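K.L.:
This is the structure I have questions about; it appears just below.
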Amino acid sequence: MSTHNIFTERLGIHPIIQAPMAGVSTPQLAAAVSNAGGLGSLGIGASTVAQARQLIDETRALTSRPFNVNVFCHAPARRDAEREAAWLRHLDVLFAECGAEAPSALDEIYTSFLDDDEAFELLLDTRPAVVSFHLGLPPTERVQALRKVGIYTLATATNLREAALIEQAGVDAIVAQGIEAGGHRGLFDTEVVDEGLSTSVLVRLLVNRTKLPVIAAGGIMDGQGIKAALDMGAAAAQLGTAFVLCPESSANASYRANLKSGRAAVTRLTSVLSGRPARGMVNRLISHGEAIGAPVPAAYPVAYDATKRLNAIAVKRDNHEFAAQWAGQGAPLARELAAKELMQQLIEEWRSVQA
């Protein structure tokens with residue numbers, strides 16, 4: 001049996017995964033993708049445990065099919081008062097443009113799954129079909145505990161070293177995230193030089209160097225891209241930006257308008273928005289944060305606190321230049337379709353190029 005069959009037959013899906021996209025994915029989107037034969041996903045990295053439980057319960061009410069719940073496994077922020085103060089000073093002018101003052105201090109607004117016993121117990125209790133790890137790995141005993149109750153596990157790798165750690169931890173499959181991908185880059189350690197491997201190169205490396213099923217992620221927007229990933233040996237393809245324009249996503253009007261405009265053709269991998277490398281459409285905050293002489297952003301997710309506060313103030317003035325609008329390099333290929341229709345097109349395109 002091929003790796004492709006091992007993976008898809010285990011879950012009973014087509015080789016299409018909707019990326020978790022915390023803050024954009026919804027129970028309606030995940031369920032629609034799963035009901036159409038793919039693997040829908042929820043991102044709970046930015047949710048409280050109570051919110052996460054509600055998301056899982058709502059999704060389960062909408063589908064009896066498997067879906068994925070994604071958690072962030074980043075190292076807790078290294079707090080640095082001087083670095084944070086310098087970053088806030090740099091943002092002073094942007095807050096002033098919105099008629100406000102920059103905050104005097106920032107908070108670590110998200111709890112890592114590494115330190116969240118309640119989130120771990122939630123997953124053991126609710127038992128989604130799939131749990132995926134991003135930005136690192138939890139302790140091996142937690143991986144095994146999830147697998148013991150029948151949960152299939154995935155983890156993101158951006159290089160061979162991360163893939164080896166994933167395999168050693170006993171995770172079931174690897175999401176190979178290429179540099180083209182939108183949203184947060186899955187680096188385990190942001191202090192290590194990022195080779196910036198493309199999806200195609202990374203997939204071929206992992207297929208040849210690991211025994212686990214490999215899922216291609218980054219820049220895949222249509223059935224032709226899915227077929228190309230499978231031809232390289234991937235077990236499935238994960239698409240994120242392709243689903244943002246679906247009415248079931250929670251993307252707001254500005255995000256949707258920009259994704260349908262020429263701005264979609266200009267994305268950048270930057271730490272400005274959150275404190276970790278992430279790819280999104282370029283806006284005023286990114287340009288300002290990357291200007292010559294700009295200080296290093298505060299650590300993740302502390303920098304994200306500043307971004308969210310600035311954006312909340314700006315939005316009241318109908319200014320959306322400070323929002324995190326994540327998008328991959330394939331963004332200009334995004335289609336505005338209901339998730340069910342998009343899934344049907346993806347499947348038809350993938351199958352048509354198989355002939």
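Convention: chains lettered A, B, ... in structure tokens order; per-chain residue numbering from 1; ligands numbered from 1 as shown.
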Could you pull out the alpha helix (DSSP H) residues of range 65-258 of chain A from DSSP and send them as a VMD selection string?

P.N.:
chain A and resid 81 to 97 117 to 126 140 to 148 160 to 168 199 to 209 223 to 231 253 to 258

K.L.:
Residues within 7 Å of range 150-164 of chain A, please, as a list in words. Count only C-alpha atoms; anything in the same chain fewer than 4 positions from it doesn't count.

P.N.:
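Here the qualifying residues turn out to be Arg127, Pro128, Ala129, Val130, Val131, Ser132, Phe133, His134, Leu146, Gln168, Val171, Asp172, Ala173, Ile174, Val175, Ala176, Gln177, Gly178, Gly186, Leu187, Leu202 and Leu206 of chain A.
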
K.L.:
Report the closest atom pair, with its distance in Å rounded to one decimal, for each residue of range 200-282 of chain A that has an atom no farther than 10 Å from range 326-335 of chain A; count only C-alpha atoms, sort by chain and then rising residue number, and write it as JSON lines.

P.N.:
```
{"residue": "A:Gly218", "atom": "CA", "partner": "A:Gly328", "partner_atom": "CA", "distance": 6.8}
{"residue": "A:Gly219", "atom": "CA", "partner": "A:Gly330", "partner_atom": "CA", "distance": 4.7}
{"residue": "A:Ile220", "atom": "CA", "partner": "A:Gly330", "partner_atom": "CA", "distance": 6.7}
{"residue": "A:Met221", "atom": "CA", "partner": "A:Gly330", "partner_atom": "CA", "distance": 6.4}
{"residue": "A:Asp222", "atom": "CA", "partner": "A:Leu333", "partner_atom": "CA", "distance": 8.1}
{"residue": "A:Leu239", "atom": "CA", "partner": "A:Gly328", "partner_atom": "CA", "distance": 9.6}
{"residue": "A:Gly240", "atom": "CA", "partner": "A:Gly328", "partner_atom": "CA", "distance": 8.0}
{"residue": "A:Thr241", "atom": "CA", "partner": "A:Ala327", "partner_atom": "CA", "distance": 5.5}
{"residue": "A:Ala242", "atom": "CA", "partner": "A:Ala334", "partner_atom": "CA", "distance": 5.0}
{"residue": "A:Phe243", "atom": "CA", "partner": "A:Ala334", "partner_atom": "CA", "distance": 7.6}
{"residue": "A:Val244", "atom": "CA", "partner": "A:Ala334", "partner_atom": "CA", "distance": 7.9}
{"residue": "A:Leu245", "atom": "CA", "partner": "A:Arg335", "partner_atom": "CA", "distance": 6.5}
{"residue": "A:Cys246", "atom": "CA", "partner": "A:Arg335", "partner_atom": "CA", "distance": 7.9}
{"residue": "A:Tyr255", "atom": "CA", "partner": "A:Trp326", "partner_atom": "CA", "distance": 8.8}
{"residue": "A:Leu259", "atom": "CA", "partner": "A:Ala331", "partner_atom": "CA", "distance": 6.8}
{"residue": "A:Lys260", "atom": "CA", "partner": "A:Pro332", "partner_atom": "CA", "distance": 7.3}
{"residue": "A:Ser261", "atom": "CA", "partner": "A:Pro332", "partner_atom": "CA", "distance": 8.0}
{"residue": "A:Gly262", "atom": "CA", "partner": "A:Pro332", "partner_atom": "CA", "distance": 7.7}
{"residue": "A:Arg263", "atom": "CA", "partner": "A:Pro332", "partner_atom": "CA", "distance": 8.6}
{"residue": "A:Ala264", "atom": "CA", "partner": "A:Pro332", "partner_atom": "CA", "distance": 5.4}
{"residue": "A:Ala265", "atom": "CA", "partner": "A:Pro332", "partner_atom": "CA", "distance": 5.8}
{"residue": "A:Val266", "atom": "CA", "partner": "A:Gln329", "partner_atom": "CA", "distance": 7.8}
{"residue": "A:Thr267", "atom": "CA", "partner": "A:Gln329", "partner_atom": "CA", "distance": 6.4}
{"residue": "A:Arg268", "atom": "CA", "partner": "A:Gln329", "partner_atom": "CA", "distance": 8.6}
{"residue": "A:Leu269", "atom": "CA", "partner": "A:Gly328", "partner_atom": "CA", "distance": 9.2}
{"residue": "A:Ala278", "atom": "CA", "partner": "A:Trp326", "partner_atom": "CA", "distance": 7.6}
{"residue": "A:Arg279", "atom": "CA", "partner": "A:Trp326", "partner_atom": "CA", "distance": 5.8}
{"residue": "A:Gly280", "atom": "CA", "partner": "A:Trp326", "partner_atom": "CA", "distance": 3.8}
{"residue": "A:Met281", "atom": "CA", "partner": "A:Ala327", "partner_atom": "CA", "distance": 6.0}
{"residue": "A:Val282", "atom": "CA", "partner": "A:Trp326", "partner_atom": "CA", "distance": 9.3}
```

K.L.:
Go ahead and write the selection's residues with N, CA and C atoms as a PDB file, in the first residue's frame.

P.N.:
```
ATOM      1  N   GLY A 218       2.094  24.894   1.623  1.00  0.00           N
ATOM      2  CA  GLY A 218       2.776  26.116   1.187  1.00  0.00           C
ATOM      3  C   GLY A 218       2.625  26.367  -0.293  1.00  0.00           C
ATOM      4  N   GLY A 219       1.808  27.366  -0.658  1.00  0.00           N
ATOM      5  CA  GLY A 219       1.674  27.757  -2.057  1.00  0.00           C
ATOM      6  C   GLY A 219       0.724  26.904  -2.876  1.00  0.00           C
ATOM      7  N   ILE A 220       0.032  25.964  -2.249  1.00  0.00           N
ATOM      8  CA  ILE A 220      -0.869  25.068  -2.991  1.00  0.00           C
ATOM      9  C   ILE A 220      -2.271  25.675  -2.981  1.00  0.00           C
ATOM     10  N   MET A 221      -2.817  25.919  -4.157  1.00  0.00           N
ATOM     11  CA  MET A 221      -4.084  26.646  -4.258  1.00  0.00           C
ATOM     12  C   MET A 221      -5.130  25.945  -5.116  1.00  0.00           C
ATOM     13  N   ASP A 222      -4.741  24.916  -5.860  1.00  0.00           N
ATOM     14  CA  ASP A 222      -5.698  24.283  -6.771  1.00  0.00           C
ATOM     15  C   ASP A 222      -5.381  22.801  -6.933  1.00  0.00           C
ATOM     16  N   LEU A 239      -3.936  23.174   2.407  1.00  0.00           N
ATOM     17  CA  LEU A 239      -4.197  24.473   1.807  1.00  0.00           C
ATOM     18  C   LEU A 239      -4.786  25.403   2.856  1.00  0.00           C
ATOM     19  N   GLY A 240      -4.263  26.606   2.953  1.00  0.00           N
ATOM     20  CA  GLY A 240      -4.779  27.579   3.888  1.00  0.00           C
ATOM     21  C   GLY A 240      -5.376  28.789   3.204  1.00  0.00           C
ATOM     22  N   THR A 241      -4.533  29.570   2.529  1.00  0.00           N
ATOM     23  CA  THR A 241      -4.992  30.789   1.860  1.00  0.00           C
ATOM     24  C   THR A 241      -6.129  30.504   0.890  1.00  0.00           C
ATOM     25  N   ALA A 242      -6.142  29.333   0.294  1.00  0.00           N
ATOM     26  CA  ALA A 242      -7.189  28.964  -0.660  1.00  0.00           C
ATOM     27  C   ALA A 242      -8.580  29.005  -0.037  1.00  0.00           C
ATOM     28  N   PHE A 243      -8.668  28.848   1.296  1.00  0.00           N
ATOM     29  CA  PHE A 243      -9.971  28.791   1.969  1.00  0.00           C
ATOM     30  C   PHE A 243     -10.370  30.104   2.639  1.00  0.00           C
ATOM     31  N   VAL A 244      -9.510  31.116   2.622  1.00  0.00           N
ATOM     32  CA  VAL A 244      -9.811  32.360   3.350  1.00  0.00           C
ATOM     33  C   VAL A 244     -11.032  33.073   2.790  1.00  0.00           C
ATOM     34  N   LEU A 245     -11.219  33.040   1.463  1.00  0.00           N
ATOM     35  CA  LEU A 245     -12.345  33.742   0.855  1.00  0.00           C
ATOM     36  C   LEU A 245     -13.663  32.975   0.944  1.00  0.00           C
ATOM     37  N   CYS A 246     -13.637  31.775   1.468  1.00  0.00           N
ATOM     38  CA  CYS A 246     -14.892  31.036   1.662  1.00  0.00           C
ATOM     39  C   CYS A 246     -15.776  31.815   2.639  1.00  0.00           C
ATOM     40  N   TYR A 255      -9.895  42.121   4.958  1.00  0.00           N
ATOM     41  CA  TYR A 255      -9.056  40.969   4.618  1.00  0.00           C
ATOM     42  C   TYR A 255      -9.482  40.410   3.264  1.00  0.00           C
ATOM     43  N   LEU A 259      -7.368  40.455  -0.296  1.00  0.00           N
ATOM     44  CA  LEU A 259      -7.018  39.188  -0.911  1.00  0.00           C
ATOM     45  C   LEU A 259      -7.517  39.112  -2.359  1.00  0.00           C
ATOM     46  N   LYS A 260      -8.531  39.886  -2.681  1.00  0.00           N
ATOM     47  CA  LYS A 260      -9.059  39.926  -4.060  1.00  0.00           C
ATOM     48  C   LYS A 260      -8.419  41.038  -4.883  1.00  0.00           C
ATOM     49  N   SER A 261      -7.503  41.796  -4.276  1.00  0.00           N
ATOM     50  CA  SER A 261      -6.889  42.932  -4.959  1.00  0.00           C
ATOM     51  C   SER A 261      -5.439  42.632  -5.316  1.00  0.00           C
ATOM     52  N   GLY A 262      -4.785  43.640  -5.885  1.00  0.00           N
ATOM     53  CA  GLY A 262      -3.379  43.494  -6.239  1.00  0.00           C
ATOM     54  C   GLY A 262      -2.474  43.302  -5.032  1.00  0.00           C
ATOM     55  N   ARG A 263      -2.958  43.638  -3.844  1.00  0.00           N
ATOM     56  CA  ARG A 263      -2.141  43.479  -2.641  1.00  0.00           C
ATOM     57  C   ARG A 263      -1.817  42.013  -2.370  1.00  0.00           C
ATOM     58  N   ALA A 264      -2.648  41.119  -2.885  1.00  0.00           N
ATOM     59  CA  ALA A 264      -2.422  39.690  -2.653  1.00  0.00           C
ATOM     60  C   ALA A 264      -1.107  39.221  -3.272  1.00  0.00           C
ATOM     61  N   ALA A 265      -0.615  39.966  -4.257  1.00  0.00           N
ATOM     62  CA  ALA A 265       0.616  39.564  -4.943  1.00  0.00           C
ATOM     63  C   ALA A 265       1.874  39.950  -4.174  1.00  0.00           C
ATOM     64  N   VAL A 266       1.715  40.693  -3.076  1.00  0.00           N
ATOM     65  CA  VAL A 266       2.878  41.140  -2.310  1.00  0.00           C
ATOM     66  C   VAL A 266       2.719  40.665  -0.864  1.00  0.00           C
ATOM     67  N   THR A 267       3.351  39.541  -0.555  1.00  0.00           N
ATOM     68  CA  THR A 267       3.350  39.035   0.819  1.00  0.00           C
ATOM     69  C   THR A 267       4.776  39.065   1.352  1.00  0.00           C
ATOM     70  N   ARG A 268       4.878  39.053   2.660  1.00  0.00           N
ATOM     71  CA  ARG A 268       6.214  39.102   3.252  1.00  0.00           C
ATOM     72  C   ARG A 268       6.260  38.241   4.501  1.00  0.00           C
ATOM     73  N   LEU A 269       7.382  37.547   4.669  1.00  0.00           N
ATOM     74  CA  LEU A 269       7.638  36.792   5.886  1.00  0.00           C
ATOM     75  C   LEU A 269       8.282  37.754   6.872  1.00  0.00           C
ATOM     76  N   ALA A 278       6.141  35.159  10.134  1.00  0.00           N
ATOM     77  CA  ALA A 278       4.835  34.781   9.607  1.00  0.00           C
ATOM     78  C   ALA A 278       4.621  35.545   8.306  1.00  0.00           C
ATOM     79  N   ARG A 279       3.965  34.910   7.335  1.00  0.00           N
ATOM     80  CA  ARG A 279       3.776  35.535   6.027  1.00  0.00           C
ATOM     81  C   ARG A 279       2.373  36.114   5.904  1.00  0.00           C
ATOM     82  N   GLY A 280       2.329  37.386   5.528  1.00  0.00           N
ATOM     83  CA  GLY A 280       1.049  38.043   5.316  1.00  0.00           C
ATOM     84  C   GLY A 280       1.163  39.121   4.258  1.00  0.00           C
ATOM     85  N   MET A 281       0.018  39.682   3.894  1.00  0.00           N
ATOM     86  CA  MET A 281       0.013  40.775   2.929  1.00  0.00           C
ATOM     87  C   MET A 281       0.632  42.018   3.571  1.00  0.00           C
ATOM     88  N   VAL A 282       1.461  42.696   2.799  1.00  0.00           N
ATOM     89  CA  VAL A 282       2.197  43.846   3.325  1.00  0.00           C
ATOM     90  C   VAL A 282       1.240  45.005   3.603  1.00  0.00           C
TER      91      VAL A 282
END
```

K.L.:
Might you pull out every residue within 7 Å of Gly40 in chain A, with only C-alpha atoms counted and same-chain residues fewer than 5 positions away left off, and present them as a list in words?

P.N.:
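These residues fall inside the cut-off: Ile17, Gln18, Ala30, Ala31, Val33, Ser34, Phe67 and Asn68 of chain A.
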
K.L.:
Restricting the calculation to only C-alpha atoms, which member of A:Val296, A:Leu122, A:Val203, A:Ala303 is positioned closest to Ile215 in chain A?

P.N.:
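Selected residue with least distance to Ile215 in chain A: A:Val203.
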
K.L.:
Based on DSSP run over this structure's backbone, return all residues of range 68-282 of chain A in strand (DSSP E or B), as number ranges by chain.

P.N.:
A: 68-72, 130-134, 152-157, 173-177, 183-184, 214-217, 236-239, 267-270, 278-281
